[in-house]
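For reference, the structure is listed below as structure tokens.
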Amino acid sequence: MGRQIRVAVVGAGPAGIYAADIFAKAEPGARVDIFDRLPTPFGLIRYGVAPDHPRIKEVITALHQVLDEPRIRFLGNVDYGVDVKAEELDPFYDATVIATGADRDRELDIPGIALPGSFGAADFVAWYDGHPDVPGEWPLSAETVAVIGAGNVAIDVARILAKTAGELLETEIPDNVHRGLLASRVTDVHIFARGGPAQVKFTPMELRELDESPNVEVIVDPVGFEVDDQALRGRRTAKMCVQTLRGWVGREPLGRPRRVHLHFFQAPVAILGDERVTGVRTNKADWDVQAVYRAIGYRSRPVADLPFDPVTATIPHEGGRVLDLDGRPVPGRYVTGWIKRGPVGLIGHTKKDAKETVASLLADLPELPPASRPDPAEVLAHLARREVEHTTWAGWQRLDRHEIALGEPHGRRRIKVVPRAEMIAIGRSG
């Protein structure tokens with residue numbers, strides 16, 4: 001009887017699911033378990049994409065097909081390193097692939113950054129996407145808000161802050177988020193970009209969507225709007241963004257009730273205030289705001305029992321093989337996705353990452369010690385002994401149908417269930 005190959009993937013976002021798919025197709029007899037600390041699959045596709053971006057969430061359709069594969073098993077609500085230790089899982093698997101992504105905010109080391117009213121964009125995104133581990137309420141008492149950053153997350157945050165709650169009712173936002181936005185007092189959102197128009201990291205689609213709301217007017221500050229045409233050579237995406245921005249400079253006011261202001265070459269140097277945020281200071285001016293959101297990038301968190309580079313916030317690797325502190329490969333440990341290369345790039349880059357990592361795993365497989373307890377039932381028994389209430393793919397499908405059914409009477413795509421215990425209970429109700 002041949003070897004029964006078993007692989008664990010930690011992280012059920014696109015990176016982990018792609019790795020599972022590529023490996024399962026390369027090894028037809030293998031079985032893959034995908035673990036995630038959340039009760040649901042899809043990672044930042046579910047909890048990191050703005051609810052008014054359904055086109056991006058169509059990626060879930062492709063990921064859904066992967067998880068429908070009988071040899072790939074989803075085990076949610078299992079926190080690797082907390083609920084189960086790495087060495088506890090080793091007997092059940094030939095190898096482990098880490099794909100835990102990046103869900104924390106990069107730090108911004110300027111005075112006043114810790115004042116009340118100063119927020120990380122990742123936390124706000126998690127709130128409006130209904131993440132079960134963030135508070136159900138968000139303070140939205142500010143009328144004028146600053147967003148620091150020049151990427152798509154900054155655009156998403158500004159757009160959600162500026163839109164009316166009624167506009168978002170057609171999306172899948174949870175009820176608590178709708179109530180919070182309904183009470184919001186925001187009228188003006190100022191986006192501060194450290195560089196110029198040619199250096200922005202927005203995608204053209206994200207930028208154009210900023211101006212599509214009937215309630216939001218986009219105003220580009222002409223001060224500092226300087227374009228280095230030389231810097232645009234060969235950069236089609238940047239050219240498209242600059243063309244859009246140029247069309248907004250100096251246009252006639254539209255008279256919409258809320259406004260998003262774009263400022264260039266305005267690097268933040270301090271958050272102002274004594275007991276809470278009262279302003280933001282850039283290298284050019286002081287601005288009166290009552291809240292600040294930093295959207296300068298995501299950062300991965302360390303993974304238990306694995307090396308971690310605190311500078312790059314990644315796991316050191318060579319071709320996806322995890323390296324120890326001496327630069328030697330750690331047998332049976334692999335990494336893919338943002339925790340491998342940093343939080344940059346699109347879904348296509350994630351798939352390329354997974355291909356490289358799986359190629360290394362396949363090359364190493366003949367030399368890796370086989371799992372001593374490869375029976376798929378063994379790991380479930382272990383989770384039961386540890387009293388880990390894991391969720392399953394069938395449970396997610398029940399929750400998915402439940403959320404869609406909640407939205408149907410209101411003409412909405414779905415209404416997300418937020419509390420972790422409620423998600424688990426619905427998934428186990430069939």
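By order in the structure tokens, chains are A, B, ...; within a chain, residues start at 1; ligands start at 1, following the order shown.
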Any chance you could list, as an mmCIF file with N, CA and C atoms, in the first residue's frame, the residues in region 93-297 of chain A that come up helix (DSSP H, G or I) when DSSP is run on the backbone?
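Produced file out-v1.cif, reproduced below:
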```
data_model
loop_
_atom_site.group_PDB
_atom_site.id
_atom_site.type_symbol
_atom_site.label_atom_id
_atom_site.label_comp_id
_atom_site.auth_asym_id
_atom_site.auth_seq_id
_atom_site.Cartn_x
_atom_site.Cartn_y
_atom_site.Cartn_z
ATOM 1 N N ALA A 121 -6.324 51.643 9.831
ATOM 2 C CA ALA A 121 -7.313 51.306 8.805
ATOM 3 C C ALA A 121 -7.735 49.846 8.878
ATOM 4 N N ALA A 122 -6.799 48.961 9.200
ATOM 5 C CA ALA A 122 -7.137 47.533 9.249
ATOM 6 C C ALA A 122 -8.223 47.261 10.274
ATOM 7 N N ASP A 123 -8.173 47.956 11.399
ATOM 8 C CA ASP A 123 -9.200 47.771 12.427
ATOM 9 C C ASP A 123 -10.558 48.274 11.942
ATOM 10 N N PHE A 124 -10.561 49.408 11.249
ATOM 11 C CA PHE A 124 -11.815 49.955 10.727
ATOM 12 C C PHE A 124 -12.397 49.046 9.642
ATOM 13 N N VAL A 125 -11.522 48.554 8.760
ATOM 14 C CA VAL A 125 -11.968 47.624 7.710
ATOM 15 C C VAL A 125 -12.583 46.378 8.334
ATOM 16 N N ALA A 126 -11.925 45.853 9.368
ATOM 17 C CA ALA A 126 -12.457 44.667 10.043
ATOM 18 C C ALA A 126 -13.827 44.956 10.647
ATOM 19 N N TRP A 127 -14.004 46.168 11.173
ATOM 20 C CA TRP A 127 -15.317 46.531 11.740
ATOM 21 C C TRP A 127 -16.393 46.565 10.664
ATOM 22 N N TYR A 128 -16.144 47.302 9.577
ATOM 23 C CA TYR A 128 -17.221 47.426 8.590
ATOM 24 C C TYR A 128 -17.435 46.151 7.790
ATOM 25 N N ASN A 152 -5.138 51.590 -2.173
ATOM 26 C CA ASN A 152 -6.557 51.225 -2.280
ATOM 27 C C ASN A 152 -7.257 51.168 -0.932
ATOM 28 N N VAL A 153 -6.544 50.783 0.125
ATOM 29 C CA VAL A 153 -7.177 50.737 1.443
ATOM 30 C C VAL A 153 -7.560 52.138 1.886
ATOM 31 N N ALA A 154 -6.691 53.119 1.621
ATOM 32 C CA ALA A 154 -7.016 54.506 1.954
ATOM 33 C C ALA A 154 -8.270 54.958 1.216
ATOM 34 N N ILE A 155 -8.370 54.587 -0.060
ATOM 35 C CA ILE A 155 -9.550 54.933 -0.856
ATOM 36 C C ILE A 155 -10.797 54.254 -0.281
ATOM 37 N N ASP A 156 -10.666 52.974 0.069
ATOM 38 C CA ASP A 156 -11.815 52.241 0.638
ATOM 39 C C ASP A 156 -12.299 52.900 1.920
ATOM 40 N N VAL A 157 -11.364 53.206 2.808
ATOM 41 C CA VAL A 157 -11.724 53.816 4.090
ATOM 42 C C VAL A 157 -12.413 55.156 3.859
ATOM 43 N N ALA A 158 -11.852 55.969 2.976
ATOM 44 C CA ALA A 158 -12.440 57.282 2.705
ATOM 45 C C ALA A 158 -13.838 57.139 2.111
ATOM 46 N N ARG A 159 -13.994 56.197 1.209
ATOM 47 C CA ARG A 159 -15.290 56.017 0.546
ATOM 48 C C ARG A 159 -16.359 55.550 1.523
ATOM 49 N N ILE A 160 -16.022 54.585 2.386
ATOM 50 C CA ILE A 160 -16.994 54.090 3.364
ATOM 51 C C ILE A 160 -17.348 55.178 4.370
ATOM 52 N N LEU A 161 -16.362 55.981 4.772
ATOM 53 C CA LEU A 161 -16.633 57.078 5.694
ATOM 54 C C LEU A 161 -17.528 58.149 5.066
ATOM 55 N N ALA A 162 -17.335 58.388 3.768
ATOM 56 C CA ALA A 162 -18.040 59.483 3.110
ATOM 57 C C ALA A 162 -19.427 59.093 2.612
ATOM 58 N N ALA A 165 -25.178 55.824 4.863
ATOM 59 C CA ALA A 165 -25.528 54.448 5.245
ATOM 60 C C ALA A 165 -26.540 53.848 4.276
ATOM 61 N N GLY A 166 -27.448 54.693 3.759
ATOM 62 C CA GLY A 166 -28.460 54.196 2.838
ATOM 63 C C GLY A 166 -27.871 53.649 1.558
ATOM 64 N N GLU A 167 -26.782 54.252 1.078
ATOM 65 C CA GLU A 167 -26.140 53.765 -0.146
ATOM 66 C C GLU A 167 -25.569 52.357 0.026
ATOM 67 N N LEU A 168 -25.166 52.039 1.245
ATOM 68 C CA LEU A 168 -24.525 50.750 1.498
ATOM 69 C C LEU A 168 -25.515 49.655 1.861
ATOM 70 N N LEU A 169 -26.798 50.007 1.938
ATOM 71 C CA LEU A 169 -27.787 49.005 2.325
ATOM 72 C C LEU A 169 -27.925 47.895 1.299
ATOM 73 N N GLU A 170 -27.573 48.152 0.045
ATOM 74 C CA GLU A 170 -27.667 47.104 -0.965
ATOM 75 C C GLU A 170 -26.511 46.112 -0.881
ATOM 76 N N ASP A 175 -25.864 44.466 10.215
ATOM 77 C CA ASP A 175 -26.808 45.438 10.764
ATOM 78 C C ASP A 175 -26.131 46.433 11.709
ATOM 79 N N ASN A 176 -25.184 45.950 12.529
ATOM 80 C CA ASN A 176 -24.525 46.858 13.479
ATOM 81 C C ASN A 176 -23.700 47.922 12.750
ATOM 82 N N VAL A 177 -23.129 47.545 11.596
ATOM 83 C CA VAL A 177 -22.344 48.506 10.818
ATOM 84 C C VAL A 177 -23.267 49.540 10.186
ATOM 85 N N HIS A 178 -24.406 49.089 9.683
ATOM 86 C CA HIS A 178 -25.366 50.038 9.112
ATOM 87 C C HIS A 178 -25.834 51.040 10.167
ATOM 88 N N ARG A 179 -26.121 50.546 11.363
ATOM 89 C CA ARG A 179 -26.551 51.447 12.433
ATOM 90 C C ARG A 179 -25.458 52.454 12.770
ATOM 91 N N GLY A 180 -24.210 51.978 12.812
ATOM 92 C CA GLY A 180 -23.103 52.876 13.117
ATOM 93 C C GLY A 180 -22.932 53.959 12.073
ATOM 94 N N LEU A 181 -22.994 53.577 10.802
ATOM 95 C CA LEU A 181 -22.832 54.551 9.721
ATOM 96 C C LEU A 181 -24.018 55.500 9.645
ATOM 97 N N LEU A 182 -25.187 55.023 10.037
ATOM 98 C CA LEU A 182 -26.382 55.867 10.038
ATOM 99 C C LEU A 182 -26.222 57.029 11.019
ATOM 100 N N PRO A 197 0.942 62.861 -7.506
ATOM 101 C CA PRO A 197 -0.053 62.088 -8.252
ATOM 102 C C PRO A 197 0.543 60.899 -9.002
ATOM 103 N N ALA A 198 1.770 61.010 -9.453
ATOM 104 C CA ALA A 198 2.392 59.915 -10.199
ATOM 105 C C ALA A 198 2.822 58.765 -9.297
ATOM 106 N N GLN A 199 2.849 59.004 -7.993
ATOM 107 C CA GLN A 199 3.326 57.966 -7.064
ATOM 108 C C GLN A 199 2.198 57.221 -6.348
ATOM 109 N N PRO A 204 -6.940 52.340 -10.980
ATOM 110 C CA PRO A 204 -7.851 53.282 -11.638
ATOM 111 C C PRO A 204 -9.313 53.050 -11.280
ATOM 112 N N MET A 205 -9.719 51.789 -11.172
ATOM 113 C CA MET A 205 -11.111 51.493 -10.849
ATOM 114 C C MET A 205 -11.470 52.008 -9.455
ATOM 115 N N GLU A 206 -10.605 51.749 -8.483
ATOM 116 C CA GLU A 206 -10.865 52.213 -7.125
ATOM 117 C C GLU A 206 -10.967 53.734 -7.092
ATOM 118 N N LEU A 207 -10.078 54.396 -7.809
ATOM 119 C CA LEU A 207 -10.083 55.851 -7.806
ATOM 120 C C LEU A 207 -11.373 56.394 -8.420
ATOM 121 N N ARG A 208 -11.773 55.856 -9.562
ATOM 122 C CA ARG A 208 -12.993 56.344 -10.221
ATOM 123 C C ARG A 208 -14.232 56.106 -9.361
ATOM 124 N N GLU A 209 -14.253 54.984 -8.643
ATOM 125 C CA GLU A 209 -15.419 54.677 -7.804
ATOM 126 C C GLU A 209 -15.624 55.705 -6.701
ATOM 127 N N ASP A 229 5.996 63.777 -15.440
ATOM 128 C CA ASP A 229 5.660 62.952 -16.602
ATOM 129 C C ASP A 229 6.717 61.892 -16.876
ATOM 130 N N GLN A 230 7.958 62.192 -16.537
ATOM 131 C CA GLN A 230 9.028 61.207 -16.720
ATOM 132 C C GLN A 230 8.754 59.963 -15.868
ATOM 133 N N ALA A 231 8.193 60.178 -14.661
ATOM 134 C CA ALA A 231 7.918 59.061 -13.749
ATOM 135 C C ALA A 231 6.765 58.196 -14.244
ATOM 136 N N LEU A 232 6.000 58.692 -15.231
ATOM 137 C CA LEU A 232 4.853 57.933 -15.738
ATOM 138 C C LEU A 232 5.212 57.032 -16.908
ATOM 139 N N ARG A 236 1.238 52.289 -17.188
ATOM 140 C CA ARG A 236 -0.106 52.525 -17.716
ATOM 141 C C ARG A 236 -1.110 52.818 -16.597
ATOM 142 N N THR A 237 -1.045 52.046 -15.506
ATOM 143 C CA THR A 237 -1.988 52.233 -14.407
ATOM 144 C C THR A 237 -1.832 53.618 -13.788
ATOM 145 N N ALA A 238 -0.595 54.043 -13.568
ATOM 146 C CA ALA A 238 -0.352 55.368 -12.988
ATOM 147 C C ALA A 238 -0.853 56.465 -13.922
ATOM 148 N N LYS A 239 -0.654 56.290 -15.222
ATOM 149 C CA LYS A 239 -1.133 57.279 -16.193
ATOM 150 C C LYS A 239 -2.649 57.425 -16.117
ATOM 151 N N MET A 240 -3.346 56.297 -15.993
ATOM 152 C CA MET A 240 -4.804 56.340 -15.914
ATOM 153 C C MET A 240 -5.266 57.073 -14.658
ATOM 154 N N CYS A 241 -4.577 56.837 -13.541
ATOM 155 C CA CYS A 241 -4.932 57.534 -12.300
ATOM 156 C C CYS A 241 -4.702 59.033 -12.430
ATOM 157 N N VAL A 242 -3.562 59.418 -12.994
ATOM 158 C CA VAL A 242 -3.258 60.836 -13.157
ATOM 159 C C VAL A 242 -4.271 61.501 -14.082
ATOM 160 N N GLN A 243 -4.672 60.815 -15.140
ATOM 161 C CA GLN A 243 -5.677 61.369 -16.054
ATOM 162 C C GLN A 243 -6.991 61.646 -15.317
ATOM 163 N N THR A 244 -7.405 60.694 -14.474
ATOM 164 C CA THR A 244 -8.628 60.889 -13.686
ATOM 165 C C THR A 244 -8.484 62.061 -12.725
ATOM 166 N N LEU A 245 -7.356 62.124 -12.042
ATOM 167 C CA LEU A 245 -7.131 63.202 -11.077
ATOM 168 C C LEU A 245 -7.110 64.566 -11.755
ATOM 169 N N ARG A 246 -6.477 64.642 -12.912
ATOM 170 C CA ARG A 246 -6.419 65.910 -13.638
ATOM 171 C C ARG A 246 -7.828 66.406 -13.987
ATOM 172 N N GLY A 247 -8.713 65.466 -14.293
ATOM 173 C CA GLY A 247 -10.079 65.849 -14.630
ATOM 174 C C GLY A 247 -10.847 66.415 -13.449
ATOM 175 N N TRP A 248 -10.374 66.153 -12.228
ATOM 176 C CA TRP A 248 -11.045 66.646 -11.028
ATOM 177 C C TRP A 248 -10.477 67.964 -10.520
#
```
Problem set entry | Picked from region 26-105 of chain A by DSSP as strand (DSSP E or B), as a ChimeraX atom specification | /A:31-35,72-76,80,84,95-98,104-105
Go ahead and write the selection's residues with C-alpha atoms as an mmCIF file, in the first residue's frame.
```
data_model
loop_
_atom_site.group_PDB
_atom_site.id
_atom_site.type_symbol
_atom_site.label_atom_id
_atom_site.label_comp_id
_atom_site.auth_asym_id
_atom_site.auth_seq_id
_atom_site.Cartn_x
_atom_site.Cartn_y
_atom_site.Cartn_z
ATOM 1 C CA ARG A 31 -5.398 14.957 1.214
ATOM 2 C CA VAL A 32 -5.137 18.535 2.475
ATOM 3 C CA ASP A 33 -6.601 20.102 5.629
ATOM 4 C CA ILE A 34 -6.948 23.903 5.664
ATOM 5 C CA PHE A 35 -7.050 25.413 9.154
ATOM 6 C CA ILE A 72 -9.559 19.246 0.640
ATOM 7 C CA ARG A 73 -11.051 19.758 4.088
ATOM 8 C CA PHE A 74 -11.759 23.065 5.851
ATOM 9 C CA LEU A 75 -11.307 23.171 9.639
ATOM 10 C CA GLY A 76 -12.254 26.608 10.950
ATOM 11 C CA TYR A 80 -2.818 27.515 15.217
ATOM 12 C CA VAL A 84 -3.230 23.407 18.874
ATOM 13 C CA ALA A 95 4.234 18.938 5.818
ATOM 14 C CA THR A 96 2.661 22.236 6.891
ATOM 15 C CA VAL A 97 2.206 25.324 4.712
ATOM 16 C CA ILE A 98 1.782 28.648 6.536
ATOM 17 C CA ARG A 104 -2.444 44.242 11.213
ATOM 18 C CA ASP A 105 -1.689 47.900 10.514
#
```
Problem set entry | Residue among A:Gly101, A:Pro91, A:Pro70, A:Gly112 lying closest to Ile339 (chain A), counting only C-alpha atoms | A:Gly101
Exercise. Contacts of Gly320 (chain A) at 9 Å or less, counting only C-alpha atoms, minus same-chain residues fewer than 5 places along, as a list in words?
Worked result: Val97, Arg333, Tyr334, Val335, Thr336, Lys340, Asp353, Ala354, Glu356, Thr357, Val358, Ala359, Ser360 and Leu361 of chain A
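Of the listed residues A:Ile296, A:Ile148, A:Ile404, A:Ala425, the one whose atoms come nearest to Val344 (chain A) is A:Ile296, with distances taken using only C-alpha atoms.
Minimum distance to Pro302 (chain A) across A:Arg37, A:Ala371, A:Asp324, A:Ile315 (counting only C-alpha atoms) occurs at A:Ile315.
Of the residues under consideration (A:Gly279, A:Gly250, A:Gly196, A:Pro369), A:Gly279 shows the shortest atom-to-atom contact distance to Ala142 (chain A) when counting only C-alpha atoms.
By chain and then residue number, the residues within 6 Å of Arg281 (chain A) are A:Pro268, A:Val269, A:Ala270, A:Ala285, A:Asp286, counting only C-alpha atoms and disregarding those fewer than 4 positions away in sequence.
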Exercise. At what distance in Å, to one decimal, does CA of Gly11 (chain A) lie from CA of Ile426 (chain A)?
Worked result: 21.8 Å
For this session: May I ask for the distance between CA of Arg373 (chain A) and CA of Tyr93 (chain A), given in Å to one decimal place?
Result: 7.7 Å
Exercise. Smallest atom-to-atom distance to Val78 (chain A): which of A:Val388, A:Asn283, A:Ala102, A:Gly151, using only C-alpha atoms?
Worked result: A:Val388
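The two atoms in question, CA of Gln397 (chain A) and CA of Phe92 (chain A), are spaced 26.0 Å apart.
With only C-alpha atoms as the basis for measurement, A:His64 is the residue among A:His64, A:His317, A:Arg428, A:Lys416 that approaches Asp21 (chain A) most closely.
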Exercise. Within 8 Å of region 213-218 of chain A, counting only C-alpha atoms, which residues qualify if same-chain residues fewer than 6 places away don't, as a PyMOL selection string?
Worked result: chain A and resi 162-164+248+253-262
